[in-house]
$ cat protein15.csv   # CSV, C-alpha atoms
chain,number,residue,atom,x,y,z
A,11,MET,CA,10.1,-31.5,-18.7
A,12,ILE,CA,8.4,-34.5,-17.0
A,13,VAL,CA,5.4,-32.4,-16.2
A,14,VAL,CA,5.3,-31.0,-19.8
A,15,SER,CA,5.5,-34.6,-21.2
A,16,GLY,CA,2.7,-35.7,-18.9
A,17,VAL,CA,0.4,-32.8,-19.9
A,18,LEU,CA,1.1,-33.4,-23.5
A,19,VAL,CA,0.3,-37.1,-23.3
A,20,LEU,CA,-3.1,-36.3,-21.7
A,21,ALA,CA,-3.7,-33.7,-24.3
A,22,GLY,CA,-2.8,-36.2,-27.0
A,23,ILE,CA,-5.4,-38.7,-25.6
A,24,TYR,CA,-8.0,-36.0,-25.5
A,25,LEU,CA,-7.3,-34.9,-29.1
A,26,GLY,CA,-7.0,-38.5,-30.2
A,27,CYS,CA,-10.5,-39.1,-29.0
A,28,TYR,CA,-11.7,-36.0,-30.8
A,29,VAL,CA,-10.1,-37.1,-34.1
A,30,ALA,CA,-11.3,-40.7,-33.7
A,31,TYR,CA,-14.9,-39.3,-33.1
A,32,TRP,CA,-14.7,-37.4,-36.4
A,33,LEU,CA,-13.3,-40.4,-38.3
A,34,ILE,CA,-16.2,-42.6,-37.1
A,35,LEU,CA,-18.6,-39.9,-38.3
A,36,LEU,CA,-16.8,-39.7,-41.7
A,37,ALA,CA,-17.0,-43.5,-42.1
A,38,THR,CA,-20.7,-43.5,-41.2
A,39,HIS,CA,-21.3,-40.7,-43.8
A,40,TRP,CA,-19.4,-42.6,-46.5
A,41,PHE,CA,-20.5,-46.2,-45.9
A,42,SER,CA,-24.1,-45.9,-44.7
A,43,SER,CA,-27.1,-44.5,-46.4
A,44,ALA,CA,-29.7,-42.1,-45.0
A,45,ARG,CA,-33.3,-43.2,-44.5
A,46,PRO,CA,-35.8,-41.1,-46.4
A,47,LEU,CA,-37.7,-38.8,-44.1
A,48,PRO,CA,-41.4,-39.6,-43.7
A,49,GLN,CA,-43.9,-37.6,-45.7
A,50,GLY,CA,-46.3,-35.6,-43.5
A,51,PRO,CA,-50.1,-35.1,-44.0
A,52,GLN,CA,-49.5,-31.3,-44.2
A,53,SER,CA,-51.7,-30.7,-41.2
A,54,THR,CA,-49.2,-29.5,-38.6
A,55,ARG,CA,-50.0,-26.0,-37.3
A,56,PHE,CA,-46.8,-24.1,-36.9
A,57,ALA,CA,-46.0,-21.0,-34.8
A,58,ILE,CA,-42.8,-19.4,-36.3
A,59,ILE,CA,-41.3,-17.4,-33.4
A,60,VAL,CA,-38.7,-14.8,-34.4
A,61,PRO,CA,-36.8,-13.2,-31.5
A,62,ALA,CA,-35.6,-9.9,-32.8
A,63,HIS,CA,-33.5,-7.1,-31.2
A,64,ASP,CA,-33.1,-4.1,-33.5
A,65,GLU,CA,-33.2,-6.1,-36.7
A,66,GLU,CA,-35.0,-3.6,-39.0
A,67,LEU,CA,-32.3,-4.1,-41.7
A,68,LEU,CA,-33.0,-7.8,-42.3
A,69,ILE,CA,-36.3,-8.7,-40.8
A,70,GLY,CA,-38.2,-8.0,-44.1
A,71,ARG,CA,-36.2,-10.7,-45.9
A,72,LEU,CA,-37.1,-13.3,-43.4
A,73,LEU,CA,-40.8,-12.4,-43.4
A,74,GLU,CA,-40.8,-12.6,-47.2
A,75,SER,CA,-39.3,-16.1,-47.1
A,76,ILE,CA,-42.0,-17.1,-44.5
A,77,ARG,CA,-44.8,-15.8,-46.8
A,78,SER,CA,-43.3,-17.9,-49.7
A,79,GLN,CA,-43.7,-21.2,-47.9
A,80,ASP,CA,-45.0,-24.1,-49.9
A,81,TYR,CA,-47.4,-24.9,-47.2
A,82,PRO,CA,-51.1,-24.1,-46.5
A,83,GLY,CA,-51.1,-20.5,-45.3
A,84,THR,CA,-53.8,-21.2,-42.7
A,85,LEU,CA,-51.5,-23.6,-40.9
A,86,PHE,CA,-48.7,-21.3,-39.9
A,87,GLU,CA,-48.3,-17.9,-38.2
A,88,ALA,CA,-45.2,-15.8,-37.9
A,89,ILE,CA,-44.8,-14.1,-34.5
A,90,VAL,CA,-42.1,-11.5,-34.2
A,91,VAL,CA,-40.9,-10.8,-30.7
A,92,ALA,CA,-39.6,-7.2,-30.8
A,93,ASP,CA,-37.3,-7.5,-27.7
A,94,ASN,CA,-36.2,-4.2,-26.2
A,95,CYS,CA,-36.1,-2.7,-29.7
A,96,THR,CA,-35.1,0.9,-30.3
A,97,ASP,CA,-35.6,0.8,-34.1
A,98,ALA,CA,-38.4,0.1,-36.6
A,99,THR,CA,-38.4,-3.7,-36.2
A,100,ALA,CA,-41.9,-3.8,-34.7
A,101,GLU,CA,-43.3,-1.3,-37.2
A,102,ILE,CA,-41.8,-3.1,-40.3
A,103,SER,CA,-43.1,-6.5,-39.0
A,104,ARG,CA,-46.6,-5.1,-38.3
A,105,ASN,CA,-46.8,-3.5,-41.7
A,106,ASP,CA,-45.9,-6.9,-43.1
A,107,GLY,CA,-49.1,-8.3,-41.6
A,108,VAL,CA,-47.5,-10.6,-39.0
A,109,THR,CA,-48.2,-10.9,-35.3
A,110,VAL,CA,-45.9,-8.6,-33.3
A,111,LEU,CA,-45.2,-9.0,-29.5
A,112,GLU,CA,-43.3,-6.0,-28.1
A,113,ARG,CA,-41.3,-6.8,-25.0
A,114,ASP,CA,-39.6,-4.2,-22.8
A,115,ASP,CA,-37.6,-5.7,-20.0
A,116,LYS,CA,-34.3,-4.1,-19.3
A,117,ARG,CA,-33.4,-6.6,-16.5
A,118,ASP,CA,-34.1,-10.0,-18.2
A,119,ARG,CA,-32.5,-9.4,-21.6
A,120,GLY,CA,-31.5,-12.0,-24.1
A,121,LYS,CA,-32.9,-14.5,-26.6
A,122,GLY,CA,-33.7,-17.1,-24.0
A,123,TYR,CA,-35.9,-14.7,-22.1
A,124,ALA,CA,-37.6,-13.5,-25.3
A,125,ILE,CA,-38.4,-17.1,-26.3
A,126,LYS,CA,-39.9,-17.9,-22.8
A,127,TRP,CA,-42.0,-14.7,-22.8
A,128,ALA,CA,-43.3,-15.4,-26.3
A,129,LEU,CA,-44.3,-19.0,-25.4
A,130,GLU,CA,-46.1,-17.8,-22.3
A,131,THR,CA,-47.8,-15.0,-24.2
A,132,ILE,CA,-49.2,-16.9,-27.1
A,133,ASP,CA,-51.9,-19.6,-26.9
A,134,LEU,CA,-49.7,-22.6,-27.4
A,135,ASP,CA,-52.7,-24.9,-27.7
A,136,ARG,CA,-53.4,-23.3,-31.1
A,137,PHE,CA,-50.3,-24.9,-32.5
A,138,ASP,CA,-48.8,-28.4,-33.0
A,139,ALA,CA,-45.2,-27.2,-33.4
A,140,VAL,CA,-43.0,-24.1,-32.8
A,141,LEU,CA,-40.2,-23.1,-35.1
A,142,VAL,CA,-37.7,-20.6,-33.7
A,143,VAL,CA,-35.8,-18.6,-36.4
A,144,ASP,CA,-33.4,-15.7,-35.9
A,145,ALA,CA,-34.4,-12.4,-37.6
A,146,ASP,CA,-31.3,-12.3,-39.8
A,147,CYS,CA,-32.2,-15.5,-41.6
A,148,ILE,CA,-34.2,-16.7,-44.5
A,149,ILE,CA,-35.9,-20.1,-44.7
A,150,SER,CA,-36.3,-22.4,-47.7
A,151,ALA,CA,-39.7,-22.5,-49.3
A,152,ASN,CA,-40.1,-26.2,-48.4
A,153,ALA,CA,-39.1,-25.9,-44.8
A,154,LEU,CA,-42.5,-26.3,-43.1
A,155,LYS,CA,-43.5,-29.0,-45.6
A,156,SER,CA,-40.4,-31.0,-44.7
A,157,LEU,CA,-40.7,-30.4,-41.0
A,158,ASP,CA,-44.3,-31.5,-41.1
A,159,GLY,CA,-43.0,-34.9,-42.2
A,160,THR,CA,-40.0,-35.0,-39.9
A,161,LEU,CA,-42.2,-34.3,-36.9
A,162,GLN,CA,-43.8,-37.7,-37.5
A,163,GLU,CA,-40.6,-39.3,-36.2
A,164,TRP,CA,-38.9,-36.7,-33.9
A,165,LYS,CA,-40.4,-34.2,-31.5
A,166,VAL,CA,-37.4,-31.9,-31.5
A,167,ILE,CA,-35.7,-31.1,-34.8
A,168,GLN,CA,-32.7,-29.0,-35.8
A,169,CYS,CA,-32.9,-27.7,-39.4
A,170,TYR,CA,-30.0,-27.4,-41.8
A,171,ASN,CA,-28.3,-24.2,-40.5
A,172,GLY,CA,-26.3,-22.7,-43.4
A,173,ILE,CA,-24.7,-19.4,-44.3
A,174,GLY,CA,-26.6,-17.0,-46.6
A,175,ASN,CA,-23.5,-15.0,-47.7
A,176,PRO,CA,-20.9,-17.7,-48.1
A,177,ASP,CA,-18.7,-15.9,-50.7
A,178,GLU,CA,-18.7,-12.4,-49.2
A,179,SER,CA,-15.2,-12.6,-47.7
A,180,TRP,CA,-12.5,-15.0,-46.8
A,181,PHE,CA,-14.0,-15.2,-43.3
A,182,THR,CA,-17.4,-16.3,-44.6
A,183,ARG,CA,-15.8,-18.8,-47.0
A,184,LEU,CA,-14.0,-20.5,-44.0
A,185,LEU,CA,-17.2,-20.6,-42.0
A,186,ASP,CA,-19.2,-21.9,-44.9
A,187,VAL,CA,-16.9,-24.9,-45.1
A,188,SER,CA,-17.3,-25.5,-41.4
A,189,ARG,CA,-21.1,-25.1,-41.5
A,190,THR,CA,-21.3,-27.4,-44.6
A,191,ILE,CA,-19.3,-30.1,-42.7
A,192,ASN,CA,-21.7,-29.8,-39.8
A,193,ASN,CA,-24.8,-29.9,-42.0
A,194,THR,CA,-23.7,-32.5,-44.5
A,195,ILE,CA,-21.5,-34.9,-42.5
A,196,TYR,CA,-21.7,-34.4,-38.7
A,197,SER,CA,-25.4,-34.1,-38.0
A,198,PRO,CA,-26.6,-36.6,-40.6
A,199,ALA,CA,-24.0,-39.2,-39.5
A,200,LYS,CA,-25.0,-38.9,-35.9
A,201,GLN,CA,-28.6,-39.3,-36.8
A,202,ARG,CA,-27.8,-42.5,-38.8
A,203,LEU,CA,-26.0,-43.9,-35.7
A,204,GLY,CA,-29.1,-43.3,-33.6
A,205,LEU,CA,-27.5,-40.4,-31.7
A,206,SER,CA,-28.9,-37.0,-30.9
A,207,CYS,CA,-28.0,-33.9,-33.0
A,208,GLU,CA,-27.4,-30.6,-31.3
A,209,LEU,CA,-29.5,-27.4,-31.3
A,210,THR,CA,-27.7,-24.6,-33.1
A,211,GLY,CA,-29.7,-21.5,-32.1
A,212,THR,CA,-31.8,-20.9,-35.3
A,213,GLY,CA,-34.0,-23.3,-37.1
A,214,MET,CA,-35.0,-25.1,-33.9
A,215,CYS,CA,-38.3,-26.9,-34.2
A,216,PHE,CA,-40.3,-28.3,-31.2
A,217,ALA,CA,-43.5,-30.2,-31.0
A,218,ALA,CA,-45.8,-28.1,-28.9
A,219,ARG,CA,-46.1,-30.9,-26.3
A,220,ILE,CA,-42.4,-30.7,-25.6
A,221,LEU,CA,-42.7,-27.0,-24.8
A,222,ARG,CA,-45.8,-27.5,-22.7
A,223,GLU,CA,-44.2,-30.3,-20.7
A,224,TYR,CA,-40.8,-28.7,-20.1
A,225,GLY,CA,-41.3,-25.0,-20.8
A,226,TRP,CA,-38.3,-22.9,-21.7
A,227,ASP,CA,-35.7,-22.5,-19.0
A,228,ALA,CA,-32.4,-21.8,-20.9
A,229,PHE,CA,-31.3,-18.2,-20.4
A,230,THR,CA,-27.5,-18.2,-20.7
A,231,VAL,CA,-25.8,-16.7,-23.8
A,232,GLY,CA,-25.5,-20.3,-25.0
A,233,GLU,CA,-29.2,-21.0,-24.7
A,234,ASP,CA,-29.3,-23.4,-27.6
A,235,TRP,CA,-26.6,-25.7,-26.1
A,236,GLU,CA,-28.1,-25.3,-22.6
A,237,TYR,CA,-31.6,-26.4,-23.8
A,238,TYR,CA,-30.1,-29.2,-25.8
A,239,ALA,CA,-28.3,-30.5,-22.7
A,240,LYS,CA,-31.5,-30.3,-20.6
A,241,LEU,CA,-33.5,-32.1,-23.2
A,242,ILE,CA,-31.0,-34.9,-23.4
A,243,GLN,CA,-31.1,-35.2,-19.6
A,244,LYS,CA,-34.8,-35.7,-19.8
A,245,GLY,CA,-34.4,-38.5,-22.3
A,246,GLU,CA,-35.4,-36.6,-25.5
A,247,ILE,CA,-33.5,-37.0,-28.8
A,248,ILE,CA,-33.0,-34.2,-31.3
A,249,GLY,CA,-33.5,-35.1,-35.0
A,250,PHE,CA,-32.0,-33.4,-38.0
A,251,ASP,CA,-33.8,-32.2,-41.1
A,252,CYS,CA,-31.4,-31.6,-44.0
A,253,SER,CA,-34.2,-30.5,-46.3
A,254,ALA,CA,-35.6,-27.8,-44.1
A,255,ARG,CA,-33.0,-25.1,-44.6
A,256,VAL,CA,-32.3,-21.9,-42.7
A,257,TYR,CA,-29.6,-19.5,-43.9
A,258,HIS,CA,-28.3,-16.8,-41.7
A,259,VAL,CA,-26.3,-13.7,-42.6
A,260,GLU,CA,-22.8,-14.3,-41.2
A,261,SER,CA,-20.5,-11.5,-40.1
A,262,SER,CA,-18.1,-10.7,-43.0
A,263,SER,CA,-15.0,-9.8,-40.9
A,264,LEU,CA,-13.3,-10.6,-37.7
A,265,ARG,CA,-14.2,-7.1,-36.3
A,266,GLN,CA,-17.9,-7.7,-36.9
A,267,ALA,CA,-17.8,-11.2,-35.5
A,268,THR,CA,-15.8,-10.7,-32.3
A,269,SER,CA,-18.6,-9.7,-29.9
A,270,GLN,CA,-20.8,-12.5,-31.2
A,271,ARG,CA,-18.0,-15.2,-30.9
A,272,MET,CA,-17.1,-14.0,-27.5
A,273,ARG,CA,-20.7,-14.5,-26.5
A,274,TRP,CA,-21.0,-17.9,-28.1
A,275,SER,CA,-17.6,-19.2,-26.9
A,276,SER,CA,-18.3,-18.2,-23.3
A,277,GLY,CA,-21.7,-19.8,-23.4
A,278,ARG,CA,-20.4,-23.0,-24.9
A,279,PHE,CA,-17.7,-23.4,-22.3
A,280,ALA,CA,-20.1,-22.6,-19.5
A,281,VAL,CA,-22.6,-25.2,-20.7
A,282,ALA,CA,-19.8,-27.8,-21.3
A,283,TRP,CA,-18.6,-27.3,-17.7
A,284,LYS,CA,-22.1,-27.4,-16.2
A,285,TYR,CA,-23.6,-30.3,-18.2
A,286,GLY,CA,-20.9,-32.1,-20.2
A,287,PHE,CA,-19.3,-34.3,-17.5
A,288,GLY,CA,-22.6,-35.0,-15.9
A,289,LEU,CA,-24.1,-36.3,-19.1
A,290,LEU,CA,-21.0,-38.4,-19.7
A,291,SER,CA,-21.3,-39.9,-16.2
A,292,ARG,CA,-25.1,-40.5,-16.7
A,293,GLY,CA,-24.4,-42.1,-20.0
A,294,VAL,CA,-22.2,-44.7,-18.3
A,295,THR,CA,-24.3,-45.3,-15.3
A,296,GLU,CA,-27.6,-45.5,-17.3
A,297,ARG,CA,-26.0,-47.3,-20.2
A,298,SER,CA,-27.2,-44.6,-22.5
A,299,LEU,CA,-25.1,-44.1,-25.6
A,300,VAL,CA,-27.2,-41.0,-26.4
A,301,LYS,CA,-26.3,-39.3,-23.1
A,302,PHE,CA,-22.7,-40.4,-23.3
A,303,ASP,CA,-22.4,-39.0,-26.8
A,304,ALA,CA,-24.1,-35.8,-25.8
A,305,GLY,CA,-21.5,-35.4,-23.0
A,306,LEU,CA,-18.7,-36.0,-25.5
A,307,SER,CA,-20.3,-33.4,-27.9
A,308,LEU,CA,-20.0,-30.8,-25.1
A,309,ILE,CA,-16.6,-31.8,-23.8
A,310,LEU,CA,-14.8,-32.3,-27.1
A,311,PRO,CA,-13.5,-29.1,-28.8
A,312,ASN,CA,-15.1,-27.5,-31.8
A,313,PRO,CA,-13.0,-27.6,-35.0
A,314,SER,CA,-11.1,-24.3,-34.5
A,315,LEU,CA,-10.3,-25.1,-30.8
A,316,GLY,CA,-9.3,-28.6,-31.7
A,317,MET,CA,-6.8,-27.4,-34.3
A,318,ASN,CA,-5.5,-24.6,-32.0
A,319,VAL,CA,-4.9,-27.0,-29.1
A,320,THR,CA,-3.2,-29.4,-31.5
A,321,LEU,CA,-0.8,-26.7,-32.8
A,322,VAL,CA,0.0,-25.5,-29.3
A,323,CYS,CA,0.8,-29.0,-28.3
A,324,LEU,CA,2.9,-29.5,-31.4
A,325,GLY,CA,5.0,-26.6,-30.4
A,326,GLY,CA,5.1,-27.7,-26.8
A,327,ALA,CA,6.4,-31.2,-27.8
A,328,PHE,CA,9.9,-29.7,-28.2
A,329,LEU,CA,9.9,-28.8,-24.5
A,330,ALA,CA,9.2,-32.4,-23.5
A,331,LEU,CA,11.7,-35.0,-22.3
A,332,PRO,CA,14.4,-35.5,-25.0
A,333,GLY,CA,13.4,-39.1,-25.7
A,334,HIS,CA,9.8,-38.1,-26.1
A,335,GLN,CA,10.0,-35.1,-28.3
A,336,ALA,CA,10.0,-36.8,-31.7
A,337,ALA,CA,7.2,-39.2,-30.9
A,338,LEU,CA,5.0,-36.4,-29.4
A,339,ALA,CA,5.7,-34.1,-32.3
A,340,LEU,CA,4.9,-36.8,-34.9
A,341,GLY,CA,1.7,-37.6,-33.0
A,342,PHE,CA,0.4,-34.1,-32.9
A,343,LEU,CA,1.4,-33.4,-36.5
A,344,SER,CA,-0.6,-36.5,-37.5
A,345,LEU,CA,-3.6,-35.2,-35.5
A,346,ALA,CA,-3.3,-31.8,-37.2
A,347,LEU,CA,-3.2,-33.3,-40.7
A,348,ALA,CA,-6.2,-35.4,-39.9
A,349,GLN,CA,-8.2,-32.3,-38.9
A,350,LEU,CA,-7.0,-30.5,-42.0
A,351,GLY,CA,-8.1,-33.5,-44.0
A,352,VAL,CA,-11.7,-33.2,-42.6
A,353,PHE,CA,-11.7,-29.6,-43.6
A,354,VAL,CA,-10.6,-30.4,-47.2
A,355,VAL,CA,-13.3,-33.1,-47.4
A,356,GLY,CA,-15.8,-30.4,-46.4
A,357,VAL,CA,-14.6,-28.1,-49.2
A,358,PHE,CA,-15.8,-30.7,-51.8
A,359,TYR,CA,-19.4,-30.3,-50.5
A,360,THR,CA,-19.5,-26.6,-51.0
A,361,GLN,CA,-20.1,-24.3,-53.9
A,362,ASN,CA,-17.2,-22.4,-55.5
A,363,LYS,CA,-14.8,-25.0,-54.2
A,364,LEU,CA,-11.6,-23.3,-55.4
A,365,SER,CA,-12.2,-20.1,-53.5
A,366,LYS,CA,-13.1,-22.1,-50.4
A,367,PHE,CA,-9.9,-24.2,-50.7
A,368,LEU,CA,-7.8,-21.1,-51.1
A,369,ALA,CA,-9.3,-19.7,-47.9
A,370,ILE,CA,-7.3,-22.3,-46.1
A,371,PHE,CA,-4.2,-20.1,-46.5
A,372,ILE,CA,-5.9,-17.4,-44.5
A,373,ALA,CA,-6.8,-19.9,-41.8
A,374,PRO,CA,-3.8,-19.1,-39.6
A,375,ALA,CA,-5.2,-15.5,-39.0
A,376,PHE,CA,-8.6,-17.0,-38.2
A,377,LEU,CA,-7.1,-19.5,-35.8
A,378,ALA,CA,-5.0,-16.9,-34.0
A,379,TRP,CA,-8.1,-14.7,-33.6
A,380,LYS,CA,-10.2,-17.6,-32.3
A,381,LEU,CA,-7.5,-18.7,-29.9
A,382,GLY,CA,-7.6,-15.3,-28.2
A,383,ILE,CA,-11.4,-15.5,-28.0
A,384,ASP,CA,-11.4,-19.0,-26.5
A,385,ALA,CA,-8.7,-18.1,-24.0
A,386,LEU,CA,-10.6,-15.1,-22.8
A,387,SER,CA,-13.8,-17.1,-22.6
A,388,ILE,CA,-12.2,-19.9,-20.6
A,389,LEU,CA,-11.0,-17.2,-18.2
A,390,GLY,CA,-14.6,-15.9,-17.9
A,391,ILE,CA,-14.0,-12.7,-19.7
A,392,GLY,CA,-16.4,-13.5,-22.6
A,393,ARG,CA,-19.6,-11.4,-23.1
A,394,LYS,CA,-22.5,-12.4,-20.8
A,395,LYS,CA,-25.3,-10.5,-22.6
A,396,TRP,CA,-27.2,-10.7,-25.8
A,397,VAL,CA,-25.5,-8.0,-27.9
A,398,ARG,CA,-26.7,-7.3,-31.4
A,399,THR,CA,-24.1,-8.2,-34.0
A,400,GLU,CA,-23.4,-5.5,-36.6
A,401,ARG,CA,-25.3,-6.2,-39.8
A,402,LYS,CA,-25.3,-5.0,-43.4
A,403,LEU,CA,-27.2,-5.9,-46.6
$ encode --input "protein15.csv" --output "structure tokens"
Amino acid sequence: MIVVSGVLVLAGIYLGCYVAYWLILLATHWFSSARPLPQGPQSTRFAIIVPAHDEELLIGRLLESIRSQDYPGTLFEAIVVADNCTDATAEISRNDGVTVLERDDKRDRGKGYAIKWALETIDLDRFDAVLVVDADCIISANALKSLDGTLQEWKVIQCYNGIGNPDESWFTRLLDVSRTINNTIYSPAKQRLGLSCELTGTGMCFAARILREYGWDAFTVGEDWEYYAKLIQKGEIIGFDCSARVYHVESSSLRQATSQRMRWSSGRFAVAWKYGFGLLSRGVTERSLVKFDAGLSLILPNPSLGMNVTLVCLGGAFLALPGHQAALALGFLSLALAQLGVFVVGVFYTQNKLSKFLAIFIAPAFLAWKLGIDALSILGIGRKKWVRTERKL
């Protein structure tokens, strides 16, 4: 019982830091105002790189959204990287009039390798910036115009990364709330505090000089988090552009999402272990709040893991020393309610609020599923390869 009490106290401190972090971001969101993003001269030359592995079903929608950009057509070029494709992705893209790079490398498979190969294949000197967008996305018509202005201030930018099918199922409704919280509260609040935002895989924009200087050297299944950590180590800060919006098609069920989440979860834990504590330490020794915060971002749990750990600890509180049970249980219950409160706040920023709120009642099934995925990933059983997620129109 003494050991259990000690472990629970340490877990409580960890979760308390996580909840306090969120409360600071909420307060920043509510009580500070965002600076208007600078207006650009509309002269930035963009390469839009699209890593695609067997994406014939959805690639046409993305290319249509690229053609519809409210930006001079002579200043951007879509480049589809047909990576080890066995379907008509390359043919569809070529018929759409875009540049197609076909890659066949059975050894070095994955999005990170596809990005690196594309950057080494194209003439990067022809462009001022590179936007990386997944093939299952669409981008808002003002995306390049907005990024053109934002690039005047930041050299690495994460676009608004939302869900394109938010009301398809209870699963997408839950994830839409989570994504909305990240896009509306989390990233903008960090930017207002002078901290770095994270890269989230799609809608990542880089000034060409960043890629020329550092290249691309992130090849894990969590390539976005890995490259984010490496950029922070080098002293770069990632900005956030809420106006440049990218919407991806989310899996509509747990079955569809399992392989993808196994990959993401294992990648996240691997990057957190490899870079999180080092960034935290460097933040202290170099007196860099940006690096310290980046370490925290990697080490602290994501919302589903935070709630799962809290609920497990709440149940474990009844195994603690008799005199500690009530206090520990009350503490973990308070932390759980605080996290639920953040979710409810997020609901108010979504469309179709009632259906999003009702999805809370299905959340236990989601949390149980996610707990299993995170447990397997921590044990190193998560997927290590880029596996295409099942799609449908």
$ closest_residue --input "protein15.csv" --among "A:Phe137, A:Ala44, A:Ser263, A:Leu350" --to "Trp180 (chain A)" --atoms "only C-alpha atoms"
A:Ser263
$ atom_distance --input "protein15.csv" --atom1 "CA of Val357 (chain A)" --atom2 "CA of Ala267 (chain A)"
22.0 Å
$ atom_distance --input "protein15.csv" --atom1 "CA of Val352 (chain A)" --atom2 "CA of Asp384 (chain A)"
21.5 Å
$ closest_residue --input "protein15.csv" --among "A:Phe41, A:Tyr257, A:Phe56, A:Phe181" --to "Ala217 (chain A)" --atoms "all atoms listed in the file"
A:Phe56
$ closest_atom_pairs --input "protein15.csv" --of "region 219-274 of chain A" --to "region 163-179 of chain A" --cutoff "7 Å" --atoms "only C-alpha atoms" --output "Markdown table"
| residue | atom | partner | partner_atom | distance |
| --- | --- | --- | --- | --- |
| A:Ile247 | CA | A:Val166 | CA | 7.0 |
| A:Ile248 | CA | A:Val166 | CA | 5.0 |
| A:Gly249 | CA | A:Ile167 | CA | 4.6 |
| A:Phe250 | CA | A:Gln168 | CA | 5.0 |
| A:Asp251 | CA | A:Cys169 | CA | 4.9 |
| A:Cys252 | CA | A:Tyr170 | CA | 4.9 |
| A:Ser253 | CA | A:Tyr170 | CA | 6.9 |
| A:Ala254 | CA | A:Cys169 | CA | 5.4 |
| A:Arg255 | CA | A:Tyr170 | CA | 4.7 |
| A:Val256 | CA | A:Asn171 | CA | 5.1 |
| A:Tyr257 | CA | A:Gly172 | CA | 4.6 |
| A:His258 | CA | A:Ile173 | CA | 5.1 |
| A:Val259 | CA | A:Gly174 | CA | 5.2 |
| A:Glu260 | CA | A:Ile173 | CA | 6.3 |
| A:Ser262 | CA | A:Ser179 | CA | 5.8 |
$ residues_around --input "protein15.csv" --residues "region 210-212 of chain A" --least-positions-apart "5" --cutoff "6 Å" --atoms "all atoms listed in the file" --output "JSON, numbers by chain"
{"A": [143, 144, 234]}
$ decode --input "protein15.csv" --residues "region 126-138 of chain A" --atoms "N, CA and C atoms" --output "PDB file, in the first residue's frame"
ATOM      1  N   LYS A 126      11.807  13.456 -48.107  1.00  0.00           N
ATOM      2  CA  LYS A 126      13.243  13.680 -48.347  1.00  0.00           C
ATOM      3  C   LYS A 126      13.575  13.496 -49.825  1.00  0.00           C
ATOM      4  N   TRP A 127      13.073  12.425 -50.418  1.00  0.00           N
ATOM      5  CA  TRP A 127      13.355  12.139 -51.824  1.00  0.00           C
ATOM      6  C   TRP A 127      12.815  13.246 -52.722  1.00  0.00           C
ATOM      7  N   ALA A 128      11.615  13.737 -52.418  1.00  0.00           N
ATOM      8  CA  ALA A 128      11.026  14.810 -53.221  1.00  0.00           C
ATOM      9  C   ALA A 128      11.868  16.079 -53.132  1.00  0.00           C
ATOM     10  N   LEU A 129      12.296  16.427 -51.927  1.00  0.00           N
ATOM     11  CA  LEU A 129      13.093  17.645 -51.741  1.00  0.00           C
ATOM     12  C   LEU A 129      14.429  17.543 -52.462  1.00  0.00           C
ATOM     13  N   GLU A 130      14.979  16.341 -52.561  1.00  0.00           N
ATOM     14  CA  GLU A 130      16.252  16.155 -53.264  1.00  0.00           C
ATOM     15  C   GLU A 130      16.063  16.057 -54.777  1.00  0.00           C
ATOM     16  N   THR A 131      14.834  15.760 -55.203  1.00  0.00           N
ATOM     17  CA  THR A 131      14.569  15.573 -56.625  1.00  0.00           C
ATOM     18  C   THR A 131      14.212  16.889 -57.315  1.00  0.00           C
ATOM     19  N   ILE A 132      13.432  17.721 -56.650  1.00  0.00           N
ATOM     20  CA  ILE A 132      13.027  18.992 -57.256  1.00  0.00           C
ATOM     21  C   ILE A 132      14.159  20.013 -57.132  1.00  0.00           C
ATOM     22  N   ASP A 133      14.054  21.073 -57.904  1.00  0.00           N
ATOM     23  CA  ASP A 133      15.002  22.189 -57.798  1.00  0.00           C
ATOM     24  C   ASP A 133      14.457  23.144 -56.741  1.00  0.00           C
ATOM     25  N   LEU A 134      14.936  22.996 -55.525  1.00  0.00           N
ATOM     26  CA  LEU A 134      14.410  23.768 -54.408  1.00  0.00           C
ATOM     27  C   LEU A 134      14.658  25.263 -54.575  1.00  0.00           C
ATOM     28  N   ASP A 135      15.651  25.630 -55.361  1.00  0.00           N
ATOM     29  CA  ASP A 135      15.949  27.048 -55.573  1.00  0.00           C
ATOM     30  C   ASP A 135      14.844  27.763 -56.359  1.00  0.00           C
ATOM     31  N   ARG A 136      13.957  26.999 -56.985  1.00  0.00           N
ATOM     32  CA  ARG A 136      12.858  27.599 -57.739  1.00  0.00           C
ATOM     33  C   ARG A 136      11.739  28.090 -56.819  1.00  0.00           C
ATOM     34  N   PHE A 137      11.814  27.730 -55.540  1.00  0.00           N
ATOM     35  CA  PHE A 137      10.711  28.022 -54.625  1.00  0.00           C
ATOM     36  C   PHE A 137      11.201  28.784 -53.395  1.00  0.00           C
ATOM     37  N   ASP A 138      10.297  29.536 -52.812  1.00  0.00           N
ATOM     38  CA  ASP A 138      10.584  30.250 -51.562  1.00  0.00           C
ATOM     39  C   ASP A 138      10.066  29.484 -50.354  1.00  0.00           C
TER      40      ASP A 138
END
